[in-house]
$ cat model.cif   # mmCIF, N, CA and C atoms
data_work
loop_
_atom_site.label_atom_id
_atom_site.label_comp_id
_atom_site.auth_asym_id
_atom_site.auth_seq_id
_atom_site.Cartn_x
_atom_site.Cartn_y
_atom_site.Cartn_z
N MET A 1 87.76 -31.45 185.83
CA MET A 1 88.13 -30.12 186.25
C MET A 1 89.61 -30.11 186.66
N ILE A 2 90.31 -29.06 186.26
CA ILE A 2 91.73 -28.92 186.55
C ILE A 2 91.91 -28.01 187.76
N ASP A 3 92.81 -28.40 188.66
CA ASP A 3 93.07 -27.62 189.85
C ASP A 3 94.39 -26.86 189.75
N THR A 4 95.44 -27.53 189.35
CA THR A 4 96.76 -26.89 189.30
C THR A 4 97.48 -27.27 188.01
N CYS A 5 98.49 -26.49 187.70
CA CYS A 5 99.33 -26.77 186.55
C CYS A 5 100.77 -26.90 187.03
N GLY A 6 101.52 -27.77 186.39
CA GLY A 6 102.94 -27.88 186.66
C GLY A 6 103.70 -27.46 185.42
N LEU A 7 104.70 -26.64 185.60
CA LEU A 7 105.49 -26.15 184.48
C LEU A 7 106.96 -26.24 184.84
N GLY A 8 107.75 -26.86 183.96
CA GLY A 8 109.17 -27.00 184.23
C GLY A 8 109.94 -27.39 183.00
N THR A 9 111.12 -27.98 183.22
CA THR A 9 111.99 -28.37 182.13
C THR A 9 112.60 -29.75 182.39
N THR A 10 113.10 -30.33 181.30
CA THR A 10 113.83 -31.59 181.37
C THR A 10 115.33 -31.28 181.47
N SER A 11 116.13 -32.32 181.64
CA SER A 11 117.58 -32.16 181.68
C SER A 11 118.14 -31.75 180.32
N GLN A 12 117.33 -31.82 179.25
CA GLN A 12 117.72 -31.31 177.94
C GLN A 12 117.22 -29.87 177.75
N ASN A 13 116.80 -29.24 178.86
CA ASN A 13 116.30 -27.86 178.87
C ASN A 13 115.10 -27.67 177.94
N GLU A 14 114.21 -28.65 177.93
CA GLU A 14 112.99 -28.61 177.13
C GLU A 14 111.77 -28.58 178.05
N LEU A 15 110.66 -28.13 177.51
CA LEU A 15 109.40 -28.01 178.25
C LEU A 15 108.96 -29.34 178.86
N PHE A 16 108.43 -29.27 180.08
CA PHE A 16 107.75 -30.39 180.71
C PHE A 16 106.58 -29.77 181.47
N ALA A 17 105.35 -30.07 181.05
CA ALA A 17 104.18 -29.42 181.64
C ALA A 17 103.03 -30.41 181.76
N PHE A 18 102.13 -30.14 182.69
CA PHE A 18 100.98 -31.01 182.92
C PHE A 18 99.95 -30.26 183.76
N ASP A 19 98.76 -30.85 183.87
CA ASP A 19 97.71 -30.36 184.75
C ASP A 19 97.44 -31.43 185.80
N VAL A 20 96.94 -31.01 186.94
CA VAL A 20 96.53 -31.92 188.00
C VAL A 20 95.03 -31.73 188.22
N THR A 21 94.31 -32.83 188.35
CA THR A 21 92.87 -32.75 188.56
C THR A 21 92.53 -32.10 189.90
N ALA A 22 91.32 -31.58 190.00
CA ALA A 22 90.89 -30.85 191.20
C ALA A 22 90.99 -31.70 192.46
N ASP A 23 90.79 -33.02 192.34
CA ASP A 23 90.87 -33.88 193.52
C ASP A 23 92.30 -34.28 193.85
N GLY A 24 93.27 -33.88 193.02
CA GLY A 24 94.68 -34.19 193.27
C GLY A 24 95.06 -35.63 192.99
N ALA A 25 94.14 -36.41 192.45
CA ALA A 25 94.40 -37.83 192.24
C ALA A 25 94.81 -38.17 190.81
N GLY A 26 94.86 -37.17 189.92
CA GLY A 26 95.20 -37.47 188.54
C GLY A 26 96.05 -36.40 187.88
N LEU A 27 96.90 -36.84 186.99
CA LEU A 27 97.73 -35.95 186.17
C LEU A 27 97.20 -36.06 184.75
N THR A 28 96.95 -34.92 184.08
CA THR A 28 96.41 -34.92 182.73
C THR A 28 97.20 -33.97 181.84
N ASN A 29 96.94 -34.09 180.54
CA ASN A 29 97.46 -33.15 179.55
C ASN A 29 98.97 -32.96 179.61
N LEU A 30 99.70 -34.02 179.88
CA LEU A 30 101.15 -33.93 179.93
C LEU A 30 101.69 -33.63 178.53
N ARG A 31 102.66 -32.72 178.45
CA ARG A 31 103.30 -32.39 177.19
C ARG A 31 104.76 -32.03 177.43
N THR A 32 105.58 -32.28 176.41
CA THR A 32 107.01 -32.01 176.52
C THR A 32 107.48 -31.22 175.31
N GLY A 33 108.66 -30.62 175.45
CA GLY A 33 109.39 -30.12 174.31
C GLY A 33 110.04 -31.29 173.62
N GLN A 34 110.95 -31.02 172.70
CA GLN A 34 111.55 -32.13 171.95
C GLN A 34 112.40 -33.01 172.84
N ILE A 35 112.44 -34.29 172.47
CA ILE A 35 113.22 -35.29 173.20
C ILE A 35 114.23 -35.86 172.21
N ASN A 36 115.49 -35.54 172.40
CA ASN A 36 116.55 -35.96 171.48
C ASN A 36 117.05 -37.36 171.84
N GLN A 37 117.47 -38.11 170.80
CA GLN A 37 117.94 -39.48 171.00
C GLN A 37 119.24 -39.73 170.26
N SER A 38 120.14 -40.44 170.91
CA SER A 38 121.35 -40.95 170.27
C SER A 38 121.07 -42.38 169.82
N CYS A 39 121.74 -42.80 168.76
CA CYS A 39 121.44 -44.11 168.17
C CYS A 39 122.65 -45.03 168.16
N THR A 40 122.36 -46.34 168.12
CA THR A 40 123.35 -47.38 167.94
C THR A 40 122.88 -48.24 166.78
N PRO A 41 123.70 -48.41 165.71
CA PRO A 41 124.97 -47.74 165.50
C PRO A 41 124.77 -46.23 165.35
N PRO A 42 125.86 -45.45 165.53
CA PRO A 42 125.74 -43.99 165.64
C PRO A 42 125.60 -43.24 164.31
N ASP A 43 125.01 -43.89 163.28
CA ASP A 43 124.82 -43.24 161.99
C ASP A 43 123.74 -42.16 162.03
N TYR A 44 122.85 -42.24 163.00
CA TYR A 44 121.72 -41.32 163.08
C TYR A 44 121.64 -40.67 164.46
N TYR A 45 120.98 -39.55 164.51
CA TYR A 45 120.63 -38.83 165.73
C TYR A 45 119.21 -38.33 165.51
N ILE A 46 118.32 -38.61 166.44
CA ILE A 46 116.92 -38.22 166.27
C ILE A 46 116.62 -37.03 167.17
N SER A 47 116.06 -35.98 166.58
CA SER A 47 115.58 -34.85 167.37
C SER A 47 114.09 -34.70 167.10
N GLY A 48 113.41 -34.09 168.00
CA GLY A 48 111.96 -33.98 167.87
C GLY A 48 111.30 -34.81 168.95
N ASN A 49 110.37 -35.67 168.54
CA ASN A 49 109.69 -36.56 169.48
C ASN A 49 109.00 -35.82 170.62
N TYR A 50 108.21 -34.86 170.29
CA TYR A 50 107.40 -34.16 171.29
C TYR A 50 106.31 -35.10 171.79
N LEU A 51 106.10 -35.12 173.10
CA LEU A 51 105.00 -35.91 173.66
C LEU A 51 103.84 -34.97 173.98
N ASN A 52 102.63 -35.43 173.69
CA ASN A 52 101.43 -34.66 173.97
C ASN A 52 100.34 -35.65 174.35
N PHE A 53 100.08 -35.75 175.64
CA PHE A 53 99.08 -36.69 176.15
C PHE A 53 97.79 -35.96 176.51
N ASP A 54 97.32 -35.06 175.62
CA ASP A 54 96.05 -34.37 175.86
C ASP A 54 94.94 -35.39 176.10
N GLY A 55 94.18 -35.18 177.14
CA GLY A 55 93.05 -36.05 177.45
C GLY A 55 93.41 -37.32 178.19
N TYR A 56 94.69 -37.69 178.26
CA TYR A 56 95.11 -38.89 178.98
C TYR A 56 95.24 -38.55 180.46
N ARG A 57 94.77 -39.46 181.32
CA ARG A 57 94.87 -39.26 182.76
C ARG A 57 95.70 -40.37 183.37
N ALA A 58 96.71 -39.99 184.14
CA ALA A 58 97.50 -40.94 184.92
C ALA A 58 97.12 -40.76 186.37
N ASN A 59 96.93 -41.85 187.07
CA ASN A 59 96.59 -41.76 188.49
C ASN A 59 97.82 -41.40 189.31
N ILE A 60 97.61 -40.55 190.30
CA ILE A 60 98.65 -40.19 191.26
C ILE A 60 98.39 -41.01 192.51
N ALA A 61 99.37 -41.81 192.93
CA ALA A 61 99.23 -42.67 194.11
C ALA A 61 99.19 -41.82 195.38
N ALA A 62 98.77 -42.43 196.46
CA ALA A 62 98.68 -41.74 197.76
C ALA A 62 100.03 -41.18 198.20
N ASP A 63 101.13 -41.81 197.78
CA ASP A 63 102.47 -41.32 198.16
C ASP A 63 102.97 -40.22 197.22
N GLY A 64 102.14 -39.79 196.24
CA GLY A 64 102.50 -38.72 195.32
C GLY A 64 103.19 -39.18 194.05
N SER A 65 103.34 -40.48 193.85
CA SER A 65 104.05 -40.98 192.68
C SER A 65 103.10 -41.29 191.53
N PHE A 66 103.66 -41.30 190.32
CA PHE A 66 102.89 -41.71 189.15
C PHE A 66 103.84 -42.30 188.12
N SER A 67 103.27 -43.05 187.18
CA SER A 67 104.04 -43.70 186.12
C SER A 67 103.20 -43.73 184.86
N ILE A 68 103.83 -43.36 183.72
CA ILE A 68 103.12 -43.36 182.44
C ILE A 68 103.98 -44.13 181.43
N PRO A 69 103.67 -45.41 181.22
CA PRO A 69 104.36 -46.14 180.16
C PRO A 69 103.66 -45.83 178.83
N PHE A 70 104.41 -45.81 177.73
CA PHE A 70 103.78 -45.61 176.43
C PHE A 70 104.50 -46.41 175.37
N SER A 71 103.79 -46.74 174.30
CA SER A 71 104.37 -47.46 173.17
C SER A 71 103.49 -47.24 171.95
N GLY A 72 104.07 -47.46 170.79
CA GLY A 72 103.30 -47.30 169.57
C GLY A 72 104.17 -47.44 168.34
N ASN A 73 103.55 -47.17 167.21
CA ASN A 73 104.22 -47.24 165.93
C ASN A 73 104.43 -45.83 165.40
N SER A 74 105.53 -45.65 164.68
CA SER A 74 105.83 -44.35 164.11
C SER A 74 106.65 -44.57 162.85
N THR A 75 107.32 -43.55 162.38
CA THR A 75 108.23 -43.67 161.25
C THR A 75 109.49 -42.86 161.52
N VAL A 76 110.58 -43.31 160.94
CA VAL A 76 111.82 -42.55 160.89
C VAL A 76 112.10 -42.39 159.40
N GLY A 77 111.99 -41.17 158.89
CA GLY A 77 112.01 -40.99 157.44
C GLY A 77 110.80 -41.72 156.88
N SER A 78 111.03 -42.65 155.99
CA SER A 78 109.92 -43.44 155.44
C SER A 78 109.90 -44.86 156.01
N ASP A 79 110.79 -45.15 156.98
CA ASP A 79 110.86 -46.48 157.57
C ASP A 79 109.94 -46.60 158.78
N PRO A 80 109.16 -47.70 158.87
CA PRO A 80 108.34 -47.90 160.07
C PRO A 80 109.23 -48.11 161.30
N SER A 81 108.76 -47.63 162.43
CA SER A 81 109.53 -47.79 163.67
C SER A 81 108.60 -48.11 164.83
N LYS A 82 109.19 -48.60 165.90
CA LYS A 82 108.48 -48.85 167.16
C LYS A 82 109.03 -47.88 168.19
N VAL A 83 108.14 -47.29 168.98
CA VAL A 83 108.56 -46.40 170.05
C VAL A 83 108.02 -46.93 171.38
N THR A 84 108.82 -46.79 172.40
CA THR A 84 108.42 -47.13 173.76
C THR A 84 108.99 -46.07 174.68
N GLY A 85 108.42 -45.97 175.83
CA GLY A 85 108.96 -45.01 176.79
C GLY A 85 108.29 -45.14 178.14
N LEU A 86 108.84 -44.38 179.07
CA LEU A 86 108.31 -44.38 180.43
C LEU A 86 108.58 -43.02 181.06
N ILE A 87 107.54 -42.46 181.64
CA ILE A 87 107.65 -41.24 182.43
C ILE A 87 107.28 -41.60 183.85
N THR A 88 108.13 -41.28 184.80
CA THR A 88 107.83 -41.49 186.21
C THR A 88 107.99 -40.17 186.94
N GLY A 89 107.28 -40.03 188.04
CA GLY A 89 107.40 -38.79 188.79
C GLY A 89 106.88 -38.93 190.21
N HIS A 90 107.14 -37.89 190.99
CA HIS A 90 106.72 -37.84 192.37
C HIS A 90 106.45 -36.38 192.76
N PHE A 91 105.33 -36.15 193.41
CA PHE A 91 104.98 -34.82 193.91
C PHE A 91 105.44 -34.68 195.35
N SER A 92 106.00 -33.52 195.66
CA SER A 92 106.37 -33.17 197.02
C SER A 92 106.04 -31.70 197.21
N GLY A 93 104.90 -31.43 197.79
CA GLY A 93 104.44 -30.05 197.94
C GLY A 93 104.17 -29.44 196.58
N ALA A 94 104.73 -28.26 196.31
CA ALA A 94 104.51 -27.55 195.05
C ALA A 94 105.49 -27.95 193.96
N ILE A 95 106.33 -28.96 194.23
CA ILE A 95 107.35 -29.40 193.26
C ILE A 95 107.06 -30.85 192.87
N ALA A 96 107.24 -31.12 191.58
CA ALA A 96 107.20 -32.49 191.09
C ALA A 96 108.49 -32.73 190.32
N SER A 97 108.99 -33.96 190.38
CA SER A 97 110.20 -34.30 189.65
C SER A 97 110.17 -35.78 189.30
N GLY A 98 111.02 -36.14 188.32
CA GLY A 98 111.06 -37.54 187.92
C GLY A 98 112.00 -37.76 186.76
N THR A 99 111.73 -38.83 186.02
CA THR A 99 112.54 -39.20 184.87
C THR A 99 111.66 -39.53 183.68
N LEU A 100 112.26 -39.46 182.51
CA LEU A 100 111.59 -39.94 181.30
C LEU A 100 112.63 -40.57 180.40
N VAL A 101 112.20 -41.58 179.67
CA VAL A 101 113.04 -42.22 178.66
C VAL A 101 112.17 -42.48 177.44
N TYR A 102 112.73 -42.25 176.26
CA TYR A 102 112.03 -42.43 174.99
C TYR A 102 112.95 -43.25 174.10
N VAL A 103 112.45 -44.37 173.56
CA VAL A 103 113.26 -45.30 172.77
C VAL A 103 112.59 -45.52 171.41
N THR A 104 113.37 -45.47 170.35
CA THR A 104 112.90 -45.74 168.99
C THR A 104 113.76 -46.83 168.38
N SER A 105 113.12 -47.84 167.76
CA SER A 105 113.84 -48.92 167.07
C SER A 105 113.28 -49.07 165.67
N TRP A 106 114.20 -49.24 164.70
CA TRP A 106 113.77 -49.43 163.32
C TRP A 106 114.89 -50.01 162.49
N ASP A 107 114.52 -50.46 161.28
CA ASP A 107 115.48 -51.00 160.33
C ASP A 107 115.54 -50.08 159.11
N HIS A 108 116.78 -49.84 158.63
CA HIS A 108 116.96 -49.01 157.44
C HIS A 108 118.04 -49.65 156.57
N GLN A 109 117.66 -50.02 155.36
CA GLN A 109 118.57 -50.62 154.38
C GLN A 109 119.38 -51.77 154.97
N GLY A 110 118.69 -52.64 155.71
CA GLY A 110 119.31 -53.84 156.26
C GLY A 110 120.02 -53.66 157.58
N THR A 111 120.03 -52.45 158.14
CA THR A 111 120.68 -52.21 159.44
C THR A 111 119.62 -51.89 160.48
N HIS A 112 119.74 -52.52 161.65
CA HIS A 112 118.81 -52.26 162.76
C HIS A 112 119.38 -51.13 163.62
N TYR A 113 118.51 -50.19 163.98
CA TYR A 113 118.91 -49.05 164.81
C TYR A 113 118.09 -49.02 166.09
N ASP A 114 118.76 -48.79 167.20
CA ASP A 114 118.13 -48.55 168.50
C ASP A 114 118.57 -47.17 168.96
N CYS A 115 117.59 -46.31 169.22
CA CYS A 115 117.88 -44.94 169.63
C CYS A 115 117.20 -44.69 170.97
N SER A 116 117.85 -43.92 171.82
CA SER A 116 117.31 -43.66 173.15
C SER A 116 117.67 -42.25 173.62
N SER A 117 116.75 -41.68 174.36
CA SER A 117 117.01 -40.40 175.02
C SER A 117 117.87 -40.59 176.26
N GLY A 118 118.02 -41.85 176.70
CA GLY A 118 118.63 -42.09 178.00
C GLY A 118 117.66 -41.62 179.08
N ASN A 119 117.99 -41.83 180.31
CA ASN A 119 117.13 -41.39 181.40
C ASN A 119 117.31 -39.89 181.63
N GLN A 120 116.35 -39.12 181.16
CA GLN A 120 116.36 -37.68 181.40
C GLN A 120 115.66 -37.40 182.71
N THR A 121 116.08 -36.37 183.40
CA THR A 121 115.36 -35.93 184.58
C THR A 121 114.49 -34.74 184.20
N TRP A 122 113.48 -34.49 184.98
CA TRP A 122 112.62 -33.33 184.80
C TRP A 122 112.18 -32.82 186.16
N SER A 123 111.83 -31.57 186.22
CA SER A 123 111.21 -31.00 187.43
C SER A 123 110.23 -29.93 187.00
N ALA A 124 109.19 -29.77 187.78
CA ALA A 124 108.14 -28.80 187.49
C ALA A 124 107.63 -28.21 188.80
N THR A 125 107.23 -26.96 188.73
CA THR A 125 106.71 -26.24 189.89
C THR A 125 105.26 -25.88 189.66
N ARG A 126 104.48 -25.92 190.71
CA ARG A 126 103.07 -25.55 190.65
C ARG A 126 102.95 -24.10 190.21
N THR A 127 102.08 -23.85 189.21
CA THR A 127 101.91 -22.50 188.70
C THR A 127 100.55 -21.91 189.05
N SER A 128 99.61 -22.71 189.50
CA SER A 128 98.30 -22.17 189.89
C SER A 128 97.64 -23.09 190.90
#
$ encode --input "model.cif" --output "structure tokens"
Amino acid sequence: MIDTCGLGTTSQNELFAFDVTADGAGLTNLRTGQINQSCTPPDYYISGNYLNFDGYRANIAADGSFSIPFSGNSTVGSDPSKVTGLITGHFSGAIASGTLVYVTSWDHQGTHYDCSSGNQTWSATRTS
């Protein structure tokens, strides 16, 4: 059962939203707008990378903090890639805030690329 919703934006002015369980001990259904990444070497720039953690529950600690590490496989064009990231946050009354980072690594035509969103900040306000 869902008790409250948080709705806000990231430092890239993109959506950051989630639900909080009725007991206040869990964060669910986290979703974001696009997360842009700069790459090294700078031949590429990645836009997109929407996160949607429907059905996933992260525990909220007694001090109001939470952490969601993630990783997996994806593609950049037709090249296989690895993605990793971390979302952290803290609740204080009707406001939650934190950081997120999204990293993509892959090889294309013999060149290795590392792309990152950098540490973005986000904030969200209770909507219900």
$ residues_near_point --input "model.cif" --point "(108.8, -42.7, 185.3)" --cutoff "8 Å" --atoms "all atoms listed in the file" --output "number ranges by chain"
A: 66-69, 85-90, 98-101
$ residues_around --input "model.cif" --residues "Asn36 in chain A" --least-positions-apart "5" --cutoff "6 Å" --atoms "all atoms listed in the file" --output "ChimeraX atom specification"
/A:46-48,116-117
$ closest_residue --input "model.cif" --among "A:Trp122, A:Cys115, A:Leu7, A:Asn73" --to "Ser97 in chain A" --atoms "only N, CA and C atoms"
A:Trp122
$ resolve_selection --input "model.cif" --expression "the PyMOL selection byres ((chain A and resi 123) around 5)" --output "list of chain:residue names"
A:Gly8, A:Thr9, A:Ala96, A:Ser97, A:Thr121, A:Trp122, A:Ala124, A:Thr125
$ resolve_selection --input "model.cif" --expression "the PyMOL selection byres ((chain A and resi 105) around 7)" --output "list in words"
Pro80, Ser81, Lys82, Val83, Thr84, Val103, Thr104, Trp106, Asp107, His112, Tyr113, Asp114 and Cys115 of chain A
$ write_last_selection --input "model.cif" --atoms "N, CA and C atoms" --output "PDB file, in the frame of the given file"
ATOM      1  N   PRO A  80     109.160 -47.700 158.870  1.00  0.00           N
ATOM      2  CA  PRO A  80     108.340 -47.900 160.070  1.00  0.00           C
ATOM      3  C   PRO A  80     109.230 -48.110 161.300  1.00  0.00           C
ATOM      4  N   SER A  81     108.760 -47.630 162.430  1.00  0.00           N
ATOM      5  CA  SER A  81     109.530 -47.790 163.670  1.00  0.00           C
ATOM      6  C   SER A  81     108.600 -48.110 164.830  1.00  0.00           C
ATOM      7  N   LYS A  82     109.190 -48.600 165.900  1.00  0.00           N
ATOM      8  CA  LYS A  82     108.480 -48.850 167.160  1.00  0.00           C
ATOM      9  C   LYS A  82     109.030 -47.880 168.190  1.00  0.00           C
ATOM     10  N   VAL A  83     108.140 -47.290 168.980  1.00  0.00           N
ATOM     11  CA  VAL A  83     108.560 -46.400 170.050  1.00  0.00           C
ATOM     12  C   VAL A  83     108.020 -46.930 171.380  1.00  0.00           C
ATOM     13  N   THR A  84     108.820 -46.790 172.400  1.00  0.00           N
ATOM     14  CA  THR A  84     108.420 -47.130 173.760  1.00  0.00           C
ATOM     15  C   THR A  84     108.990 -46.070 174.680  1.00  0.00           C
ATOM     16  N   VAL A 103     112.450 -44.370 173.560  1.00  0.00           N
ATOM     17  CA  VAL A 103     113.260 -45.300 172.770  1.00  0.00           C
ATOM     18  C   VAL A 103     112.590 -45.520 171.410  1.00  0.00           C
ATOM     19  N   THR A 104     113.370 -45.470 170.350  1.00  0.00           N
ATOM     20  CA  THR A 104     112.900 -45.740 168.990  1.00  0.00           C
ATOM     21  C   THR A 104     113.760 -46.830 168.380  1.00  0.00           C
ATOM     22  N   TRP A 106     114.200 -49.240 164.700  1.00  0.00           N
ATOM     23  CA  TRP A 106     113.770 -49.430 163.320  1.00  0.00           C
ATOM     24  C   TRP A 106     114.890 -50.010 162.490  1.00  0.00           C
ATOM     25  N   ASP A 107     114.520 -50.460 161.280  1.00  0.00           N
ATOM     26  CA  ASP A 107     115.480 -51.000 160.330  1.00  0.00           C
ATOM     27  C   ASP A 107     115.540 -50.080 159.110  1.00  0.00           C
ATOM     28  N   HIS A 112     119.740 -52.520 161.650  1.00  0.00           N
ATOM     29  CA  HIS A 112     118.810 -52.260 162.760  1.00  0.00           C
ATOM     30  C   HIS A 112     119.380 -51.130 163.620  1.00  0.00           C
ATOM     31  N   TYR A 113     118.510 -50.190 163.980  1.00  0.00           N
ATOM     32  CA  TYR A 113     118.910 -49.050 164.810  1.00  0.00           C
ATOM     33  C   TYR A 113     118.090 -49.020 166.090  1.00  0.00           C
ATOM     34  N   ASP A 114     118.760 -48.790 167.200  1.00  0.00           N
ATOM     35  CA  ASP A 114     118.130 -48.550 168.500  1.00  0.00           C
ATOM     36  C   ASP A 114     118.570 -47.170 168.960  1.00  0.00           C
ATOM     37  N   CYS A 115     117.590 -46.310 169.220  1.00  0.00           N
ATOM     38  CA  CYS A 115     117.880 -44.940 169.630  1.00  0.00           C
ATOM     39  C   CYS A 115     117.200 -44.690 170.970  1.00  0.00           C
TER      40      CYS A 115
END
$ atom_distance --input "model.cif" --atom1 "CA of Phe70 in chain A" --atom2 "atom N of Tyr102 in chain A"
9.6 Å
$ select_by_dssp --input "model.cif" --residues "range 9-103 of chain A" --states "strand (DSSP E)" --output "JSON, numbers by chain"
{"A": [9, 10, 15, 16, 17, 18, 19, 20, 21, 26, 27, 28, 29, 30, 31, 32, 37, 38, 39, 40, 45, 46, 52, 53, 54, 55, 56, 57, 58, 59, 65, 66, 67, 68, 69, 70, 71, 72, 73, 74, 75, 76, 79, 80, 81, 82, 83, 84, 85, 86, 87, 88, 89, 90, 91, 92, 95, 96, 97, 98, 99, 100, 101, 102, 103]}
$ resolve_selection --input "model.cif" --expression "the PyMOL selection byres (((chain A and resi 33 and name CA) around 7) and name CA)" --output "count of residues only"
7
$ residues_around --input "model.cif" --residues "range 23-27 of chain A" --least-positions-apart "6" --cutoff "6 Å" --atoms "only N, CA and C atoms" --output "PyMOL selection string"
chain A and resi 56-60
$ atom_distance --input "model.cif" --atom1 "CA of Leu30 in chain A" --atom2 "CA of Tyr44 in chain A"
27.6 Å
$ atom_distance --input "model.cif" --atom1 "CA of Phe53 in chain A" --atom2 "CA of Asn29 in chain A"
5.2 Å
$ closest_residue --input "model.cif" --among "A:Thr21, A:Thr111, A:Ser65, A:Ser38" --to "Phe91 in chain A" --atoms "all atoms listed in the file"
A:Ser65
$ closest_residue --input "model.cif" --among "A:Cys5, A:Thr75, A:Asp19, A:Thr28" --to "Gly55 in chain A" --atoms "all atoms listed in the file"
A:Thr28
$ closest_residue --input "model.cif" --among "A:Thr10, A:Gln120, A:Thr127, A:Ser92" --to "Asp63 in chain A" --atoms "only N, CA and C atoms"
A:Ser92
$ decode --input "model.cif" --residues "range 70-111 of chain A" --atoms "C-alpha atoms" --output "CSV table (one decimal), in the first residue's frame"
chain,number,residue,atom,x,y,z
A,70,PHE,CA,22.1,-0.5,-9.7
A,71,SER,CA,24.0,-2.2,-12.4
A,72,GLY,CA,23.3,-4.2,-15.6
A,73,ASN,CA,23.9,-4.7,-19.3
A,74,SER,CA,22.7,-2.5,-22.0
A,75,THR,CA,23.7,-1.3,-25.5
A,76,VAL,CA,25.0,1.9,-27.0
A,77,GLY,CA,24.0,1.8,-30.6
A,78,SER,CA,24.7,-1.9,-31.4
A,79,ASP,CA,27.6,-2.2,-29.0
A,80,PRO,CA,27.1,-4.0,-25.7
A,81,SER,CA,27.7,-1.8,-22.6
A,82,LYS,CA,27.8,-2.0,-18.8
A,83,VAL,CA,25.8,0.4,-16.7
A,84,THR,CA,26.2,1.2,-13.0
A,85,GLY,CA,24.8,3.8,-10.8
A,86,LEU,CA,23.8,5.0,-7.3
A,87,ILE,CA,20.9,6.9,-6.0
A,88,THR,CA,21.1,8.2,-2.5
A,89,GLY,CA,18.6,10.3,-0.5
A,90,HIS,CA,17.3,11.6,2.8
A,91,PHE,CA,13.9,12.5,4.0
A,92,SER,CA,13.3,15.6,6.2
A,93,GLY,CA,9.7,16.2,6.8
A,94,ALA,CA,7.8,16.7,3.5
A,95,ILE,CA,11.0,17.2,1.5
A,96,ALA,CA,13.4,14.5,0.2
A,97,SER,CA,16.8,15.3,-1.5
A,98,GLY,CA,19.9,13.5,-2.6
A,99,THR,CA,22.2,12.6,-5.4
A,100,LEU,CA,22.3,10.2,-8.4
A,101,VAL,CA,25.0,9.1,-10.7
A,102,TYR,CA,24.7,7.0,-13.8
A,103,VAL,CA,27.8,5.5,-15.6
A,104,THR,CA,28.0,3.7,-18.9
A,105,SER,CA,31.1,1.9,-20.2
A,106,TRP,CA,31.6,0.3,-23.6
A,107,ASP,CA,33.9,-0.3,-26.5
A,108,HIS,CA,33.4,0.9,-30.1
A,109,GLN,CA,35.7,0.1,-33.0
A,110,GLY,CA,38.6,-0.5,-30.7
A,111,THR,CA,38.1,2.5,-28.4
